[in-house]
Structures are given as C-alpha cells and as structure tokens.
Number of protein chains: 4
Amino acid sequence: YGKNTIKFLRLHKEGKKHFIKEVEVCAHLRLTSPQEYLEGNNCLVIPTDTIKNIVLVLAKKNGIPSLEQFAIDICNHFMTTFCQVAYVKTYVQEVPWQRLHENGAPHIHSFICVPDGIRFCEAEQCRNGPLIVFAGIKDLKLMKTTQSGFEGFYKNEHTTLPERHDRILCGELFCKWSYGECRDFDFDCIWKKIRECILEAFSGPPDCGEYSPSYQKTVNCIQMLVLSRVSQVQVIEVVLNNTFYNVVDMKNLGLTNDKEVLVPVEAPYGSCACTLGRK
Amino acid sequence: YGKNTIKFLRLHKEGKKHFIKEVEVCAHLRLTSPQEYLEGNNCLVIPTDTIKNIVLVLAKKNGIPSLEQFAIDICNHFMTTFCQVAYVKTYVQEVPWQRLHENGAPHIHSFICVPDGIRFCEAEQCRNGPLIVFAGIKDLKLMKTTQSGFEGFYKNEHTTLPERHDRILCGELFCKWSYGECRDFDFDCIWKKIRECILEAFSGPPDCGEYSPSYQKTVNCIQMLVLSRVSQVQVIEVVLNNTFYNVVDMKNLGLTNDKEVLVPVEAPYGSCACTLGRK
Amino acid sequence: YGKNTIKFLRLHKEGKKHFIKEVEVCAHLRLTSPQEYLEGNNCLVIPTDTIKNIVLVLAKKNGIPSLEQFAIDICNHFMTTFCQVAYVKTYVQEVPWQRLHENGAPHIHSFICVPDGIRFCEAEQCRNGPLIVFAGIKDLKLMKTTQSGFEGFYKNEHTTLPERHDRILCGELFCKWSYGECRDFDFDCIWKKIRECILEAFSGPPDCGEYSPSYQKTVNCIQMLVLSRVSQVQVIEVVLNNTFYNVVDMKNLGLTNDKEVLVPVEAPYGSCACTLGRK
Amino acid sequence: YGKNTIKFLRLHKEGKKHFIKEVEVCAHLRLTSPQEYLEGNNCLVIPTDTIKNIVLVLAKKNGIPSLEQFAIDICNHFMTTFCQVAYVKTYVQEVPWQRLHENGAPHIHSFICVPDGIRFCEAEQCRNGPLIVFAGIKDLKLMKTTQSGFEGFYKNEHTTLPERHDRILCGELFCKWSYGECRDFDFDCIWKKIRECILEAFSGPPDCGEYSPSYQKTVNCIQMLVLSRVSQVQVIEVVLNNTFYNVVDMKNLGLTNDKEVLVPVEAPYGSCACTLGRK
C-alpha cells in the first residue's frame, strides 16, 4: 500500500467574514494488483502528486463542510474514479485555529491556534464493502489533583508501589469512535457533545468530582458515558497515556510535604487502552 | 557557568478548591572563580542536585504567588546564601493548565492543558548590581487571512517574488519585555493586559482589521501599543517566525483558485525581530 | 490492555573492559478479565511499577545477551508468573552506542552515539500459543543520487507530474521481520547480515548501482534479497517514507540547473509499504 | 533584523562518482535603517525569497567547497551587493550524509545518514568590520562508564547528593570555535582534527582512560587540548548538556546492584559551559 500526507488551508468568505480550515490529509491506497512491487510495472500506480492534486481540487470545489464529509468525499472519489483501487482510507486532522475575540467581539479575519485536543476523522472502504466513518480527538491533556487512587492491586515479591488513595491523575487522552455506515449526521455537533462527555466523565461533578480507583476505570467511565449519551456511536476506543507524579520526599530537608510539591515521573511511562462497543 | 532545569507541580488548596502551577525552572549560575574548570577543584561548586532542592524548598515554603515573584525569590536566595555566586539568572516557564468548566461551573480539582501561548519570566542579577525582571509569552500562533501585503520592496536580478496586496500573514510570536528594577507590580494582571495588546495590535479592529504592509511593521505595531498602554514596560522585544502560504496554482487542473486553497511553504522560512525601548 | 515504557542502561565488565546496552523496553499486557475496567476492581492488575521492577531485575540477573533473548525472557517471565495474563508483547529498542576508537584502538570505557538505524525487536505470546520473535531496524536514512526514475504511471486529468528517468531516491526505512517460533539463533549476527542486505539491495553494485523504477520496486528488492539470503526470516515488512527532491528551476535567474541544486519537498509526503512472506 | 532558513542539496559529479552536500543555511541581516519597522516602508527590504535565490545561485555557481567557504561567499555577496546591509551573519549546517561502502568498496552514488555530531559554521561581518569565521560541532553524544566522579563540592543544609568517585559521565556536546580573521585554511582537515581532539580529551587513553573530577573539568580539558594542538583556533566555547544516571537501588528487591543497572535521570537536567581564548 502507499500513503500520502498533504497539508493545506481552505479559506472561504461570507461577506466580509472569513472562515478557515487548515487540515492535514493522509490518503492510504491499496491496489488490486501488487505488480508495481513485484515487476516494477507502474501502469496502475497513482502518483503521490496526483493524489495531492485530487485532494486540493476536491477542497476547492466542495470546500470542507465538515472533516468527516471531506474524508467521505475523498474516499468516494478514489473508489469511483480508479478501478485499480482495492482499498482506500482517508485520515483528516485539523489544525486547531479559533477565531480571535476582542472584548467579546469576534474578529472577521484573525485566528489563534489553541491546541487543547486535536480533532480528526477517518473514512475507510474496501471495494464492494461499506464506507465506515470514524472520528476522534487526540492530544487532550487532562489532570485531576485529587479524587483518584490506586489500591488493592496484585502484589508479589516484585511489588514496591505503596497503595494510594489520594494521588494525581494526569494523562494525555486519545479517543476514537465509529459511526458505522450511517453517515447523515451533524458531525460537528456530535463531536462537540462527545468532547463534553469526555471532560465530564474524566472530572465528575464540578463541586466535588468523583473518585477514580484507577486509570482503567476512568477509561471505562468515558466510554460508558459516550455510549449512553450519543446514540450514533457504535464502538469507542480510549487510550490514556499516564503521567505519574510523585510527592517529593522532603524529610532530609527537614520539611513535611503534604502533597504540595510533586515531580512528574518520566519512567516508567504507562498507558491503558480499551475498546468498547454496543451489544 | 552552569544551568539546571527542574520541572515540578505546586498544588495548594483553599477549602475544597485546588489551585496548581506546574513550572519548569532553569537556574543559571556563574561563580566568582573558574577554579572548578581550570583545576578540577569542586569546593565552591553548588551541585545540580542542591539547586533542585533549593527550588523545591522555596516552592514548598512560599508557594508560587506569581511566576515573576518566584523567579525573584530564587535569585535572592542564591545571592544572599552563596558568596561564591557572581551572577544568577532564573527562568521560569508555566505549563498552561486551565481550570475545567462544566456548563459554566468551574471544577474544583480538574484541569485541561491549553497551550495558546506559553507564559515565562526571568530574573537576573550580578553581584552588586540591580535585580532585573523580564516577562514574556512564546509559542503564540496567530493568523490573519487578509489585510496583509508586501509591496515596494528592494528589487534586483535575484528578485522573483511578485508584489502582493492581499496575502495571508501567519506566524509564531515570541515577545519578551523588561520591567526594569521596579518590581512591586501585579504581574499577573499586567501579563494579561499585554497579551491582549499583542492580539489587538496583530489583528486590528474586529469588524475590519488593519492593513499590515509587512511582518516587520506588525512587529513594530505590537511594540508601540504595549509601550503606550503599559507604563511598567521598559523595553520590549518581539520575534515573529513567519509561515508563508502560497495560493495553489490550479491552471493546469482547469480551475481558478481565488485565494481559496493555499499550502504552507516550509522553505524559505523567515523571521523578523526588533527590540524597542523608551527614550 | 496496558503498556509501559522503561529506559535503562545495563553495564558489565570483562576485566577492565566495559560493555553497555542502553535500552527502552515497552511491555504490553492484556489480562484474562476486564474487571479492572468495568468494575474498578484492581485485584489482578500488575502495576506499572511492578513491571518496571521485573524488567530491571531480569536485566540485573541475566544481563542482555541479545535484545531478542531479553525480550523472550521478559515474555516468559510474565506468562509463567502471572496466570491472569492472557497476552504479552515485549518491545525492546537499543540506544545506538558504539565503542570509541582512538587511532584504531578500541577504548575500554568510552562510547559515542551513532544513530544510523535503530535496532529493535519484539516477542509476542498469547496464553497457550507460540512465542513469536520479530526483529527490525528503523530510522535508517538512505539516498541514491541517480539510478532512479518514475515512468509509465497511470495518468488522468489530475496528473501534473512529469515522467523522470533520473531523479533522487531518498527515504527513511523501517524494516521488521519475523523469525517465527524457532528462536535458537545468533540474533546479533543475523541482524547485521540483514542490515547489509538492505543497504546492498537499496544501492546496487558499488561501481554502477542498479536502476530503480519506483520506491515500490526498491521495497520489493530489499524484501527479496533478505528472504533469499537469510533463511531464518519467515516474513518481512518494509516501509519506505519518501523524501522527494525537486530540481530548482533557475530559468528566471538566467541559469541552467543540470540536477545540481535540489530542494527537499515537504508536501506531499509519501510512503510505501509491503509485507512479504515465504510460500 | 531578519533571519531566513533555506534547505537544499548540492550535487556534483566527477566522472561517474557523485558527491553531495545537503545543507541548511540561515542568513541573518540587519539594515542600516529601521524604516521598514517604524514606517512600513519596504523600499530597502530584501525579501526572504530573494535571499533564498541568492543562496541557491551561489551554490549553483561556486558549489560548496567547504561549509566555511560557502558561508564566507554568502557574507561577501550581501556586503558587496547591498549597501543597505549593516550586518550579516551566515550559519551553515550540514546533513551528515556519508558514502555507503559495500565490503569496503565505496559506492559511487549511495549515501547513508550518520548523525554522530553535526558540523556547522558561521561567518559574521559588520559593515567596515572584519569578517570572522566560526566552526563547530553539535549533537555529539558521548559516554564514559567509569573514570568519572564528583567529590569535594560545596555543602550546606540543602545538600543531599552523596559524593561519588565512580559514576557515569554522559552528555551531549556543543563546541564552537573562532578562526578569527585569517581564513585561508583547510577547513575540512582542521575540523576533523578538532573532532578527534574532543573525543580524545573526553575519553583519555584507550587502555585506561583518565579520571574526570567533574563535567566542568572535562569541558576545560577539551578546550585546552584543542587550543594546544590546533593553532588556528583563537577562542573555543564548549557546552556539555549532562545526562545523569542513577544506580537503581535493588535492596527492596533482595539484590545487590554493583553499578550494573542504571536509569537515566530526566530531572534535574544540567549543563555546563565555558569559553576560553588565547592570551
């Protein structure tokens, strides 16, 4: 197979107001015959340069109504135009530009980059198979400073970790879900709703939070809340890359450190992941 | 000289509500004698490990009332405690954690990382000299999709760039200013005000923007606005790392591209910088 | 499942001579029951900290005779010690330290980091299944300045790429192969042999090279040569991340550029990949 | 001032044999008048695009005989061509491509990237001032597994570091030296000689090494050896970014770890630097 990455900016205007989407598109193709590999026969090969042109032309003609619709459009184009394509997957990721505001007023043409979680999507299709749409968020860094512990775990002669009922829970979240074949959705609205579910399940109620007995359980809570609130989601995968913090031992320095000063622990570095679907 | 970098999290509670500062501190020392280099005599050397301990102990005892005050405290500690220190500079940078909100309600212990410009500061002192405080913002990515051009520049036989009166202006901003010796300021409040000045000078009025004839002029506008609005700033340095965007030529593809699809240009990559003070 | 990354250095001495392996180990476990996710019941969970201890203890006790043997040892330990483990995968990657030489003489305790391709391996096992060993090389950057072209590819209205029979072929290679279940091999020796096969298949004979009609065909040549020369390899995967170079058009500058000055093209960025096994 | 970065590959052939230099050039200009900043008057501004063209044309016309000569050529071009230029600095850095060898035979057109220290240089000139040439090496990672300690340092109530007479000394070296105004040198030959001095001073004799009482003393040894062996060097700056390794305490795991298993310590992270010239 082959993959190609293209970065570009799509700008459109409504009156004097400007709207932008800057995206990175990765198209992934597999051909029906491997003859280009085995024989060096290029006659079916679609050059990277052509793929780039197609993506840019589609963006020019249709715009990017939503990331997901754009990914679907690219998939459809390759499947209908090139009979030598056996499989196509399109990944689209957005640069997180947000409109600037001055004293509450939205600016007509100025933007700031705010990377608090990156939105992405995928559309995937095998020839004669259904087109499946995925969406997700990545690089979302979250922290709870309390209401988290880790107790009752398996112990043996290699165990040195003490049990803790009040630790810091910090991590970088990756979350990807499948919409299945149904695709006539308001993708922007659903994405925002799922982002809110993630934040809510991670944090618990604003006035008191909710106790997390492990990273694993927090992963599961996120999945359960999304599946219960957003009916369009078929399957949801969550990966949480953990950053551990240790309370600094200040006894040698003559001080008692009551979880006031902590250092991030670079290693061991862990992550936990789970994929959950509907019955 | 020697430098040391320490990362840690300072957590404090007011009732049930949690407050955090996660910082990276870099302490930079020069000793009065270079004997550790020339003779391998370590008797005046302050180990990295000791510097780390001092920074953590200061954070534990005083907290981090503001980045600037913390940098000043560290400087003062080294100057008053170690007579072998000839020069000390402290750099403090903040991890941009923001409190999470659910339906407008602030969460008591949950945070999200929002890196839309990183706050930093420096305190610097030579023995018998004044303590100078700097502050700044870096990694602030901004874009204007119109109201920017570049015309009337110097031309010779190596010039191939066409003049443009409607281009994209996009860049990553670094801005650092000096407060001089006066240090009894509300550093948090001033920092926020300067950030607003930067955004305003970059963008112009929200309903129409303001024409920028060059990256250089935009740099100058930012400096002038900050100096005029914020009397505590003595000197201000701005560096703008430019990202250029080219309108994709679609003639060969039979299309007219009216500044709708643009690609970022990786090279040449430029930046412009200027330092401006008061008379 | 859960993953953990641990970095450490294993040092051993033979007389006055020092030998080192600095490695990054990633252990990936899946338990027989998902109760830690669903119920927050941690009683079967093996903490990241325990996994770190096990890896370090195994390194202390057995050393790292080869990356592959170390990965196998870790896998075996988890499978035999923990009946709650359903699946284990161990990834081990080496920091490319090389012994320093002075005027041809090897230094007994000094090393230099030479990252010209990173060696890694994997061992993988499901409970009641075979232990499979993989090895590979990554981050290997290679360039041919001639004997490469791309012609006869598929063309349509979106094609703008000209045919080229003398271009630069440059890329970053990832290569991973399976040894199957048989594991009583001289892994170090085989790895070096495969690295030489890769370089030879990429380059062709030193006095004239060999024409490559495409990145894809070069990928296939590498696979074919490894499979033909190294009988222990069962399956081989090669991914080539392409860096394209364009000859700079200097007509506007009054010069003819006969493939003398070229610029790397950042986008589109492509890669091609293929997995090939024995019949 | 303004800066520009340009990456390109210069290829030339002698018979069938190919030679390459891939470089990154950064040109740094300051004009005699700041009117482009203050007034938005661009009439003296040399666009990034023109600077790129000049660099590429010089590479095409003159080739890159050595990095240093190329940097000098660019400086000279800007000073003699543009009377509005008050200051120019050119930084040139090389991608570390090495010719591939097969069974000892050099390949005529194939190369491998071997980043074991990156070569760079600078040429700098103020109008009416001398042209000064610098050269250097960076990203050179070195390790000594013994013959290093740190004892007799300054101690007070914040000291927790134990004295050590047998530790690991590991770091990333940056080294930059000045050739002054004299420039009719064999830059390639001198650079290689200095690299050898650095390795020798870092390591000591191959059969026994030489004890280093501190990072600082090792920095000084490197400087002293270069100044004593290479008469063309006027001033030499060395920065050593330290990576500390801790012997893992395995007492709780029932084992004695005799400096066999060590972990790199991410924080505190230190560096030491010194600049030394001739009397």
# chains A, B, ... in the order shown; residues from 1 in each chain; ligands from 1

call {"tool": "residues_around", "arguments": {"residues": "segment 84-99 of chain C", "least_positions_apart": "2", "cutoff": "6 Å", "atoms": "only C-alpha atoms", "output": "NGL selection string"}}
result
:C and (22-32 or 71 or 82 or 111-115 or 119-127)

call {"tool": "write_last_selection", "arguments": {"atoms": "C-alpha atoms", "output": "CSV table (one decimal), in the first residue's frame"}}
result
chain,number,residue,atom,x,y,z
C,22,GLU,CA,21.1,1.1,26.9
C,23,VAL,CA,17.5,0.1,26.0
C,24,GLU,CA,14.0,1.2,26.1
C,25,VAL,CA,11.6,-1.6,26.9
C,26,CYS,CA,7.9,-1.5,26.3
C,27,ALA,CA,5.8,-4.2,27.9
C,28,HIS,CA,2.2,-4.6,26.7
C,29,LEU,CA,-0.1,-6.8,28.7
C,30,ARG,CA,-3.7,-7.9,28.4
C,31,LEU,CA,-5.4,-9.7,31.3
C,32,THR,CA,-7.9,-12.6,31.1
C,71,ALA,CA,12.5,-9.8,25.1
C,82,PHE,CA,1.1,-14.4,36.3
C,111,PHE,CA,31.2,5.3,23.8
C,112,ILE,CA,29.7,7.5,21.1
C,113,CYS,CA,26.1,7.6,20.0
C,114,VAL,CA,25.8,6.8,16.2
C,115,PRO,CA,22.1,6.7,15.2
C,119,ARG,CA,17.8,-1.8,16.2
C,120,PHE,CA,14.6,-3.2,17.8
C,121,CYS,CA,12.8,-6.5,18.4
C,122,GLU,CA,9.6,-7.9,19.7
C,123,ALA,CA,8.5,-11.0,21.4
C,124,GLU,CA,4.8,-11.8,21.5
C,125,GLN,CA,2.7,-14.6,23.0
C,126,CYS,CA,-0.9,-15.4,23.7
C,127,ARG,CA,-1.6,-17.9,26.6

call {"tool": "interface_residues", "arguments": {"of": "chain A", "to": "chain C", "cutoff": "8 Å", "atoms": "only C-alpha atoms", "output": "ChimeraX atom specification"}}
result
/A:1-7,36-50,52-54,150-155,158-161,213-214,216-220,267-274

call {"tool": "write_last_selection", "arguments": {"atoms": "N, CA and C atoms", "output": "short mmCIF file (atom, residue, chain, number, x, y, z; two decimals), in the first residue's frame"}}
result
data_model
loop_
_atom_site.label_atom_id
_atom_site.label_comp_id
_atom_site.auth_asym_id
_atom_site.auth_seq_id
_atom_site.Cartn_x
_atom_site.Cartn_y
_atom_site.Cartn_z
N TYR A 1 0.83 -1.19 0.00
CA TYR A 1 0.00 0.00 0.00
C TYR A 1 0.87 1.25 0.00
N GLY A 2 0.27 2.38 -0.19
CA GLY A 2 1.00 3.64 -0.16
C GLY A 2 0.23 4.68 0.63
N LYS A 3 0.96 5.60 1.22
CA LYS A 3 0.32 6.67 2.00
C LYS A 3 0.87 8.01 1.56
N ASN A 4 0.06 9.04 1.70
CA ASN A 4 0.49 10.37 1.31
C ASN A 4 -0.06 11.38 2.27
N THR A 5 0.72 12.35 2.61
CA THR A 5 0.26 13.39 3.52
C THR A 5 0.32 14.74 2.83
N ILE A 6 -0.78 15.47 2.92
CA ILE A 6 -0.88 16.78 2.29
C ILE A 6 -1.41 17.76 3.32
N LYS A 7 -0.75 18.90 3.45
CA LYS A 7 -1.24 19.95 4.36
C LYS A 7 -1.71 21.14 3.54
N GLU A 36 3.30 -3.42 -9.22
CA GLU A 36 4.30 -2.36 -9.12
C GLU A 36 5.43 -2.76 -8.20
N TYR A 37 5.10 -3.57 -7.19
CA TYR A 37 6.15 -4.03 -6.28
C TYR A 37 6.96 -5.16 -6.92
N LEU A 38 6.24 -6.12 -7.48
CA LEU A 38 6.92 -7.34 -7.93
C LEU A 38 7.65 -7.13 -9.24
N GLU A 39 7.05 -6.37 -10.15
CA GLU A 39 7.63 -6.27 -11.50
C GLU A 39 8.17 -4.88 -11.83
N GLY A 40 7.92 -3.92 -10.94
CA GLY A 40 8.33 -2.56 -11.29
C GLY A 40 7.49 -1.99 -12.42
N ASN A 41 6.30 -2.55 -12.62
CA ASN A 41 5.38 -2.04 -13.64
C ASN A 41 4.49 -0.98 -13.01
N ASN A 42 4.64 0.27 -13.44
CA ASN A 42 3.95 1.39 -12.80
C ASN A 42 2.61 1.73 -13.41
N CYS A 43 2.11 0.94 -14.35
CA CYS A 43 1.00 1.43 -15.18
C CYS A 43 -0.29 1.65 -14.39
N LEU A 44 -0.43 1.05 -13.21
CA LEU A 44 -1.62 1.29 -12.39
C LEU A 44 -1.36 2.25 -11.22
N VAL A 45 -0.10 2.64 -11.07
CA VAL A 45 0.26 3.44 -9.89
C VAL A 45 -0.26 4.88 -10.01
N ILE A 46 -0.93 5.33 -8.97
CA ILE A 46 -1.41 6.71 -8.91
C ILE A 46 -0.36 7.50 -8.13
N PRO A 47 0.36 8.42 -8.81
CA PRO A 47 1.45 9.10 -8.11
C PRO A 47 0.96 9.96 -6.94
N THR A 48 1.80 10.07 -5.94
CA THR A 48 1.60 10.97 -4.81
C THR A 48 1.16 12.35 -5.28
N ASP A 49 1.77 12.81 -6.35
CA ASP A 49 1.46 14.13 -6.87
C ASP A 49 0.02 14.23 -7.37
N THR A 50 -0.45 13.17 -7.99
CA THR A 50 -1.84 13.14 -8.46
C THR A 50 -2.81 13.11 -7.28
N LYS A 52 -2.30 14.31 -4.35
CA LYS A 52 -2.30 15.68 -3.82
C LYS A 52 -3.24 16.56 -4.64
N ASN A 53 -3.13 16.49 -5.96
CA ASN A 53 -3.99 17.32 -6.82
C ASN A 53 -5.46 17.02 -6.59
N ILE A 54 -5.80 15.75 -6.46
CA ILE A 54 -7.20 15.37 -6.27
C ILE A 54 -7.73 15.96 -4.96
N PHE A 150 -5.16 4.34 43.83
CA PHE A 150 -4.84 3.04 43.22
C PHE A 150 -4.52 2.09 44.37
N GLU A 151 -5.48 1.22 44.65
CA GLU A 151 -5.36 0.33 45.80
C GLU A 151 -5.82 -1.08 45.42
N GLY A 152 -5.46 -2.04 46.25
CA GLY A 152 -5.97 -3.41 46.10
C GLY A 152 -5.43 -4.13 44.88
N PHE A 153 -4.29 -3.65 44.36
CA PHE A 153 -3.74 -4.31 43.16
C PHE A 153 -2.97 -5.58 43.54
N TYR A 154 -2.63 -6.36 42.52
CA TYR A 154 -1.93 -7.63 42.69
C TYR A 154 -0.52 -7.39 43.25
N LYS A 155 -0.13 -8.19 44.22
CA LYS A 155 1.18 -7.98 44.85
C LYS A 155 2.00 -9.27 44.87
N HIS A 158 7.98 -8.63 43.60
CA HIS A 158 8.49 -7.51 42.82
C HIS A 158 7.71 -6.22 43.05
N THR A 159 6.77 -6.26 43.98
CA THR A 159 5.93 -5.09 44.22
C THR A 159 6.62 -4.13 45.18
N THR A 160 6.80 -2.90 44.77
CA THR A 160 7.33 -1.88 45.70
C THR A 160 6.39 -0.68 45.80
N LEU A 161 5.40 -0.62 44.93
CA LEU A 161 4.48 0.51 44.91
C LEU A 161 3.57 0.50 46.14
N PRO A 213 -10.79 4.84 40.92
CA PRO A 213 -9.91 3.85 41.56
C PRO A 213 -8.73 3.42 40.68
N SER A 214 -8.69 3.90 39.42
CA SER A 214 -7.59 3.52 38.51
C SER A 214 -7.75 4.27 37.19
N GLN A 216 -7.68 2.74 34.46
CA GLN A 216 -8.53 1.84 33.67
C GLN A 216 -10.02 2.17 33.87
N LYS A 217 -10.40 2.39 35.11
CA LYS A 217 -11.80 2.66 35.40
C LYS A 217 -12.22 4.00 34.79
N THR A 218 -11.31 4.98 34.80
CA THR A 218 -11.62 6.27 34.19
C THR A 218 -11.83 6.11 32.68
N VAL A 219 -10.99 5.30 32.06
CA VAL A 219 -11.17 5.00 30.63
C VAL A 219 -12.56 4.43 30.39
N ASN A 220 -12.95 3.48 31.23
CA ASN A 220 -14.25 2.85 31.06
C ASN A 220 -15.40 3.83 31.28
N ALA A 267 9.80 7.90 33.87
CA ALA A 267 9.78 6.46 33.62
C ALA A 267 9.58 5.74 34.94
N PRO A 268 8.80 4.70 35.03
CA PRO A 268 8.08 4.08 33.93
C PRO A 268 6.95 4.97 33.44
N TYR A 269 6.73 4.87 32.15
CA TYR A 269 5.67 5.60 31.50
C TYR A 269 4.64 4.58 31.05
N GLY A 270 3.40 4.78 31.40
CA GLY A 270 2.41 3.75 31.07
C GLY A 270 1.26 4.27 30.26
N SER A 271 0.48 3.38 29.73
CA SER A 271 -0.77 3.78 29.11
C SER A 271 -1.75 2.63 29.25
N CYS A 272 -3.03 2.96 29.25
CA CYS A 272 -4.01 1.89 29.23
C CYS A 272 -5.03 2.21 28.16
N ALA A 273 -5.59 1.17 27.58
CA ALA A 273 -6.44 1.34 26.42
C ALA A 273 -7.56 0.33 26.47
N CYS A 274 -8.70 0.69 25.91
CA CYS A 274 -9.82 -0.24 25.87
C CYS A 274 -10.72 0.15 24.71
#

call {"tool": "residues_around", "arguments": {"residues": "segment 194-196 of chain A", "least_positions_apart": "6", "cutoff": "8 Å", "atoms": "only C-alpha atoms", "output": "list in words"}}
result
Ile137, Val226 and Val230 of chain A

call {"tool": "closest_residue", "arguments": {"among": "C:Ala135, C:Gly204, C:Gly129, C:Tyr179", "to": "His101 of chain D", "atoms": "only C-alpha atoms"}}
result
C:Gly204

call {"tool": "atom_distance", "arguments": {"atom1": "atom CA of Arg164 of chain D", "atom2": "atom CA of Leu276 of chain D"}}
result
27.9 Å

call {"tool": "select_by_dssp", "arguments": {"residues": "segment 5-243 of chain C", "states": "alpha helix (DSSP H)", "output": "PyMOL selection string"}}
result
chain C and resi 35-38+48-62+67-81+187-203+215-229
